[in-house]
Amino acid sequence: MAAFSRFSQMVSGHTGFLFAAFAFLGLSNCAPIPQRAPVPPQFIETSKPYGVSGPIRRWANTPEDFSEQDRVSSRLWKRPGPHATLALSGGGQHGAYGAGLLKGWSARGDRPEFEVVTGISTGAVIAVFAFLGSDYDAALEDIYTSYSTGQLLHRNRLGALFGAPALNTAQGYEALIRRYIDDKVVDRLAQKARQGRRLIIGTTNLDATRSVHWDVTAIAASGSPNAKLLIQKVIQASSALPGVFPPVLMPVDAPDGRTYDEMHVDGGATQQVTIIGPHARHLTSGRKADATLYMIINEVAHPPYAPVKPRISKISETALTSLVNASLDADSMAIFHSAEQSGLTLRATAIPPDFGAQPKELFDKSYMKRLFQLGYQTGLSGREWTLKPADLLPPS
């Protein structure tokens, strides 16, 4: 994610605070360190998050038998006519690009109704509203142009120094999720589920160090009184950059009658972009299909050459960014090759390397507005879609 590029700066900002932290520890207002009851290994596969039952999640890249949702989706897939899937990557505040692109695409008039939408990290936030359609473009614009760092996060200096799970508390971000993921949104997600459409969001189960794909539409359609809460927590977890945002501890009901917890963090810790569901099965089945797979990469596909200062903060920052970019390249190309084998059409877009602007903070409102407008013009023109992720790289 782009937020990785700010991580080392946030860590280094604590150095001069060390002695004051010791002096005033007893008076600190830091967030408490959460106590845990981790789910025992034998219950990992069978525990119910927030008590919600049913086939609502899977380990990534794990083949399983079709669930009822899969069968409904497969019937939708087999209908004649074109089909469209959308995959959204992580990218922190760079998600403003994808949000703007969707609004511009709506204004252009040829944005399809997606049968499957997947999102990871900031892509998880966008995915909900991209899935629900252009009626929610205004909500996306509001989310990505109206909030700054101070409105979403609060520094937890003392807590971070003495064992808290993150450098910040995230009450503002949690409130934002609760505001936009309301009962009406959950009801519409449930309606989409009954049509066979799927919204998949990825998190990372940190205890298992594995990627988890949550079928958010199945959660919405479960009828559980905790469905809305679980959806909110999945979105929060998917975008919880380790160290910067606190992890999400999800209570789970185990078969032994006790309640334990799972620790989930940013889906980008294990995957940057993904595809799943009936479309994914067609990608590996060798069958041809009249379908287009759209991929919005909320990052600069390949940052321009820039010499690195020989300082630990810059070296760490650049190394982390390189790791994320390499993972994004690998995930994108794997999706492309699978699509190519099955005759699916891939359309990919990313922030152009010559965008040039640099954010001044983790969530820079001015920067995000500029990026949103760039995305809007891209979606309106329809000219920036490429046939494969490699085309997004600058000429060598």
# chains A, B, ... in the order shown; residues from 1 in each chain; ligands from 1
$ closest_atom_pairs --of "region 349-381 of chain A" --to "region 92-99 of chain A" --cutoff "8 Å" --atoms "only C-alpha atoms" --output "JSON lines"
{"residue": "A:Ile351", "atom": "CA", "partner": "A:Tyr97", "partner_atom": "CA", "distance": 7.0}
{"residue": "A:Leu362", "atom": "CA", "partner": "A:Gln93", "partner_atom": "CA", "distance": 7.2}
{"residue": "A:Phe363", "atom": "CA", "partner": "A:Gln93", "partner_atom": "CA", "distance": 5.7}
{"residue": "A:Asp364", "atom": "CA", "partner": "A:Gln93", "partner_atom": "CA", "distance": 7.6}
{"residue": "A:Met368", "atom": "CA", "partner": "A:Ala96", "partner_atom": "CA", "distance": 5.6}
{"residue": "A:Lys369", "atom": "CA", "partner": "A:Ala96", "partner_atom": "CA", "distance": 7.4}
{"residue": "A:Leu371", "atom": "CA", "partner": "A:Tyr97", "partner_atom": "CA", "distance": 5.2}
{"residue": "A:Phe372", "atom": "CA", "partner": "A:Ala96", "partner_atom": "CA", "distance": 4.8}
{"residue": "A:Gln373", "atom": "CA", "partner": "A:Tyr97", "partner_atom": "CA", "distance": 7.7}
{"residue": "A:Leu374", "atom": "CA", "partner": "A:Tyr97", "partner_atom": "CA", "distance": 6.7}
{"residue": "A:Gly375", "atom": "CA", "partner": "A:Tyr97", "partner_atom": "CA", "distance": 4.5}
{"residue": "A:Tyr376", "atom": "CA", "partner": "A:Tyr97", "partner_atom": "CA", "distance": 7.6}
$ residues_around --residues "region 105-111 of chain A" --least-positions-apart "2" --cutoff "9 Å" --atoms "only C-alpha atoms" --output "VMD selection string"
chain A and resid 100 to 103 113 to 114 133 to 134 137 376 to 382
$ write_last_selection --atoms "N, CA and C atoms" --output "PDB file, in the first residue's frame"
ATOM      1  N   GLY A 100     -12.382   7.954  -8.213  1.00  0.00           N
ATOM      2  CA  GLY A 100     -12.652   8.921  -9.265  1.00  0.00           C
ATOM      3  C   GLY A 100     -12.903   8.263 -10.605  1.00  0.00           C
ATOM      4  N   LEU A 101     -12.149   7.198 -10.895  1.00  0.00           N
ATOM      5  CA  LEU A 101     -12.318   6.490 -12.163  1.00  0.00           C
ATOM      6  C   LEU A 101     -13.733   5.926 -12.290  1.00  0.00           C
ATOM      7  N   LEU A 102     -14.247   5.368 -11.207  1.00  0.00           N
ATOM      8  CA  LEU A 102     -15.594   4.805 -11.257  1.00  0.00           C
ATOM      9  C   LEU A 102     -16.638   5.884 -11.526  1.00  0.00           C
ATOM     10  N   LYS A 103     -16.469   7.052 -10.903  1.00  0.00           N
ATOM     11  CA  LYS A 103     -17.427   8.134 -11.163  1.00  0.00           C
ATOM     12  C   LYS A 103     -17.330   8.605 -12.612  1.00  0.00           C
ATOM     13  N   GLU A 113     -22.656  -3.484 -14.997  1.00  0.00           N
ATOM     14  CA  GLU A 113     -23.007  -3.997 -13.675  1.00  0.00           C
ATOM     15  C   GLU A 113     -22.146  -5.235 -13.445  1.00  0.00           C
ATOM     16  N   PHE A 114     -21.356  -5.213 -12.404  1.00  0.00           N
ATOM     17  CA  PHE A 114     -20.389  -6.278 -12.181  1.00  0.00           C
ATOM     18  C   PHE A 114     -21.037  -7.463 -11.473  1.00  0.00           C
ATOM     19  N   GLY A 133     -23.137  -0.038  -7.421  1.00  0.00           N
ATOM     20  CA  GLY A 133     -23.481   0.706  -8.624  1.00  0.00           C
ATOM     21  C   GLY A 133     -23.248   2.196  -8.519  1.00  0.00           C
ATOM     22  N   SER A 134     -23.541   2.891  -9.606  1.00  0.00           N
ATOM     23  CA  SER A 134     -23.220   4.307  -9.726  1.00  0.00           C
ATOM     24  C   SER A 134     -24.014   5.193  -8.778  1.00  0.00           C
ATOM     25  N   ASP A 137     -21.645   6.630  -6.247  1.00  0.00           N
ATOM     26  CA  ASP A 137     -20.454   7.391  -6.639  1.00  0.00           C
ATOM     27  C   ASP A 137     -20.229   8.584  -5.720  1.00  0.00           C
ATOM     28  N   TYR A 376     -11.151  10.465 -12.371  1.00  0.00           N
ATOM     29  CA  TYR A 376     -12.394  10.827 -13.045  1.00  0.00           C
ATOM     30  C   TYR A 376     -12.168  11.041 -14.538  1.00  0.00           C
ATOM     31  N   GLN A 377     -11.136  11.795 -14.893  1.00  0.00           N
ATOM     32  CA  GLN A 377     -10.851  12.047 -16.300  1.00  0.00           C
ATOM     33  C   GLN A 377     -10.467  10.762 -17.030  1.00  0.00           C
ATOM     34  N   THR A 378      -9.773   9.874 -16.321  1.00  0.00           N
ATOM     35  CA  THR A 378      -9.413   8.587 -16.916  1.00  0.00           C
ATOM     36  C   THR A 378     -10.654   7.768 -17.225  1.00  0.00           C
ATOM     37  N   GLY A 379     -11.573   7.684 -16.261  1.00  0.00           N
ATOM     38  CA  GLY A 379     -12.801   6.929 -16.479  1.00  0.00           C
ATOM     39  C   GLY A 379     -13.677   7.551 -17.546  1.00  0.00           C
ATOM     40  N   LEU A 380     -13.704   8.869 -17.588  1.00  0.00           N
ATOM     41  CA  LEU A 380     -14.535   9.565 -18.571  1.00  0.00           C
ATOM     42  C   LEU A 380     -14.012   9.357 -19.986  1.00  0.00           C
ATOM     43  N   SER A 381     -12.695   9.354 -20.145  1.00  0.00           N
ATOM     44  CA  SER A 381     -12.108   9.194 -21.477  1.00  0.00           C
ATOM     45  C   SER A 381     -12.125   7.748 -21.944  1.00  0.00           C
ATOM     46  N   GLY A 382     -11.961   6.819 -20.997  1.00  0.00           N
ATOM     47  CA  GLY A 382     -11.915   5.406 -21.354  1.00  0.00           C
ATOM     48  C   GLY A 382     -10.672   5.006 -22.112  1.00  0.00           C
TER      49      GLY A 382
END
$ atom_distance --atom1 "CA of Ser224 (chain A)" --atom2 "CA of Ala37 (chain A)"
23.4 Å
$ select_by_dssp --residues "region 182-377 of chain A" --states "helix (DSSP H, G or I)" --output "VMD selection string"
chain A and resid 183 to 195 216 to 220 227 to 238 267 to 269 278 to 285 312 to 342 353 to 355 365 to 377
$ write_last_selection --atoms "C-alpha atoms" --output "tab-separated table (two decimals), in the first residue's frame"
chain	number	residue	atom	x	y	z
A	183	ASP	CA	-28.65	-1.03	7.12
A	184	LYS	CA	-29.63	0.13	3.63
A	185	VAL	CA	-26.25	-0.92	2.23
A	186	VAL	CA	-26.50	-4.33	3.90
A	187	ASP	CA	-30.02	-4.84	2.52
A	188	ARG	CA	-28.83	-4.02	-1.01
A	189	LEU	CA	-25.90	-6.38	-0.65
A	190	ALA	CA	-28.32	-9.14	0.36
A	191	GLN	CA	-30.45	-8.42	-2.73
A	192	LYS	CA	-27.37	-8.75	-4.92
A	193	ALA	CA	-26.55	-12.06	-3.26
A	194	ARG	CA	-29.96	-13.44	-4.21
A	195	GLN	CA	-29.23	-12.47	-7.82
A	216	VAL	CA	-19.64	-10.10	2.01
A	217	THR	CA	-22.81	-10.72	0.03
A	218	ALA	CA	-23.28	-14.05	1.82
A	219	ILE	CA	-22.81	-12.31	5.16
A	220	ALA	CA	-25.44	-9.73	4.23
A	227	ALA	CA	-24.27	-9.21	9.73
A	228	LYS	CA	-23.77	-5.45	9.52
A	229	LEU	CA	-21.22	-5.44	12.33
A	230	LEU	CA	-19.22	-8.26	10.74
A	231	ILE	CA	-19.20	-6.51	7.34
A	232	GLN	CA	-17.97	-3.32	8.98
A	233	LYS	CA	-15.20	-5.20	10.77
A	234	VAL	CA	-14.13	-7.05	7.62
A	235	ILE	CA	-13.75	-3.74	5.78
A	236	GLN	CA	-11.87	-2.23	8.70
A	237	ALA	CA	-9.56	-5.25	8.94
A	238	SER	CA	-8.89	-5.35	5.20
A	267	GLY	CA	-5.36	-7.91	3.17
A	268	GLY	CA	-2.39	-6.38	1.39
A	269	ALA	CA	-0.06	-8.18	3.80
A	278	PRO	CA	-17.35	-18.53	-10.50
A	279	HIS	CA	-15.22	-16.27	-12.69
A	280	ALA	CA	-12.10	-17.63	-11.02
A	281	ARG	CA	-13.26	-21.17	-11.67
A	282	HIS	CA	-13.73	-20.32	-15.34
A	283	LEU	CA	-10.23	-18.89	-15.39
A	284	THR	CA	-8.88	-22.35	-14.60
A	285	SER	CA	-11.46	-24.49	-16.38
A	312	ILE	CA	17.65	4.06	7.59
A	313	SER	CA	14.22	5.69	7.26
A	314	LYS	CA	14.48	6.15	3.48
A	315	ILE	CA	16.05	2.73	2.93
A	316	SER	CA	13.32	1.03	4.98
A	317	GLU	CA	10.58	3.04	3.30
A	318	THR	CA	11.83	2.26	-0.21
A	319	ALA	CA	12.41	-1.41	0.57
A	320	LEU	CA	8.84	-1.80	1.87
A	321	THR	CA	7.45	0.01	-1.17
A	322	SER	CA	9.48	-2.27	-3.44
A	323	LEU	CA	8.13	-5.34	-1.66
A	324	VAL	CA	4.55	-4.19	-2.10
A	325	ASN	CA	5.10	-3.33	-5.77
A	326	ALA	CA	6.69	-6.72	-6.45
A	327	SER	CA	3.71	-8.46	-4.83
A	328	LEU	CA	1.30	-6.32	-6.86
A	329	ASP	CA	3.15	-7.16	-10.08
A	330	ALA	CA	3.06	-10.88	-9.30
A	331	ASP	CA	-0.64	-10.91	-8.39
A	332	SER	CA	-1.58	-8.86	-11.46
A	333	MET	CA	0.38	-10.99	-13.88
A	334	ALA	CA	-1.00	-14.21	-12.40
A	335	ILE	CA	-4.53	-12.93	-12.99
A	336	PHE	CA	-3.61	-11.87	-16.52
A	337	HIS	CA	-2.13	-15.24	-17.48
A	338	SER	CA	-5.13	-17.11	-16.07
A	339	ALA	CA	-7.48	-14.87	-18.02
A	340	GLU	CA	-5.44	-15.30	-21.18
A	341	GLN	CA	-5.61	-19.09	-20.90
A	342	SER	CA	-9.40	-18.99	-20.71
A	353	PRO	CA	4.04	7.31	-13.41
A	354	ASP	CA	4.04	10.96	-14.45
A	355	PHE	CA	1.30	11.98	-11.99
A	365	LYS	CA	-7.06	15.73	1.43
A	366	SER	CA	-5.60	18.05	-1.22
A	367	TYR	CA	-3.57	15.23	-2.74
A	368	MET	CA	-6.55	12.89	-2.80
A	369	LYS	CA	-8.71	15.49	-4.54
A	370	ARG	CA	-6.14	15.81	-7.32
A	371	LEU	CA	-5.91	12.05	-7.63
A	372	PHE	CA	-9.70	11.71	-7.67
A	373	GLN	CA	-9.89	14.18	-10.55
A	374	LEU	CA	-7.20	12.26	-12.43
A	375	GLY	CA	-9.21	9.07	-11.99
A	376	TYR	CA	-12.39	10.83	-13.05
A	377	GLN	CA	-10.85	12.05	-16.30
$ atom_distance --atom1 "CA of Tyr294 (chain A)" --atom2 "CA of Thr85 (chain A)"
6.0 Å
$ residues_around --residues "region 291-293 of chain A" --least-positions-apart "3" --cutoff "8 Å" --atoms "only C-alpha atoms" --output "PyMOL selection string"
chain A and resi 82-87+339+344-347
$ atom_distance --atom1 "CA of Ser47 (chain A)" --atom2 "CA of Asn205 (chain A)"
13.4 Å
$ closest_atom_pairs --of "region 239-312 of chain A" --to "region 141-156 of chain A" --cutoff "12 Å" --atoms "only C-alpha atoms" --output "tab-separated table"
residue	atom	partner	partner_atom	distance
A:Ala240	CA	A:Leu153	CA	11.5
A:Gly243	CA	A:Asn156	CA	11.0
A:Val244	CA	A:Leu153	CA	9.1
A:Phe245	CA	A:Leu153	CA	8.1
A:Pro246	CA	A:Leu153	CA	10.2
$ write_last_selection --atoms "N, CA and C atoms" --output "tab-separated table (two decimals), in the first residue's frame"
chain	number	residue	atom	x	y	z
A	240	ALA	N	-6.48	-2.35	7.50
A	240	ALA	CA	-5.73	-2.07	8.73
A	240	ALA	C	-4.25	-2.35	8.52
A	243	GLY	N	0.79	-1.94	12.18
A	243	GLY	CA	1.65	-0.95	12.80
A	243	GLY	C	1.08	0.45	12.76
A	244	VAL	N	0.38	0.80	11.68
A	244	VAL	CA	-0.21	2.12	11.54
A	244	VAL	C	-1.64	2.13	12.08
A	245	PHE	N	-2.46	1.18	11.63
A	245	PHE	CA	-3.80	0.97	12.16
A	245	PHE	C	-3.77	-0.18	13.15
A	246	PRO	N	-4.59	-0.15	14.19
A	246	PRO	CA	-4.67	-1.32	15.07
A	246	PRO	C	-5.30	-2.50	14.35
$ closest_residue --among "A:Val300, A:Leu140, A:Ala254, A:Ala357" --to "Gly123 (chain A)" --atoms "only C-alpha atoms"
A:Leu140
$ select_by_dssp --residues "region 188-236 of chain A" --states "strand (DSSP E or B)" --output "number ranges by chain"
A: 198-205, 210-215
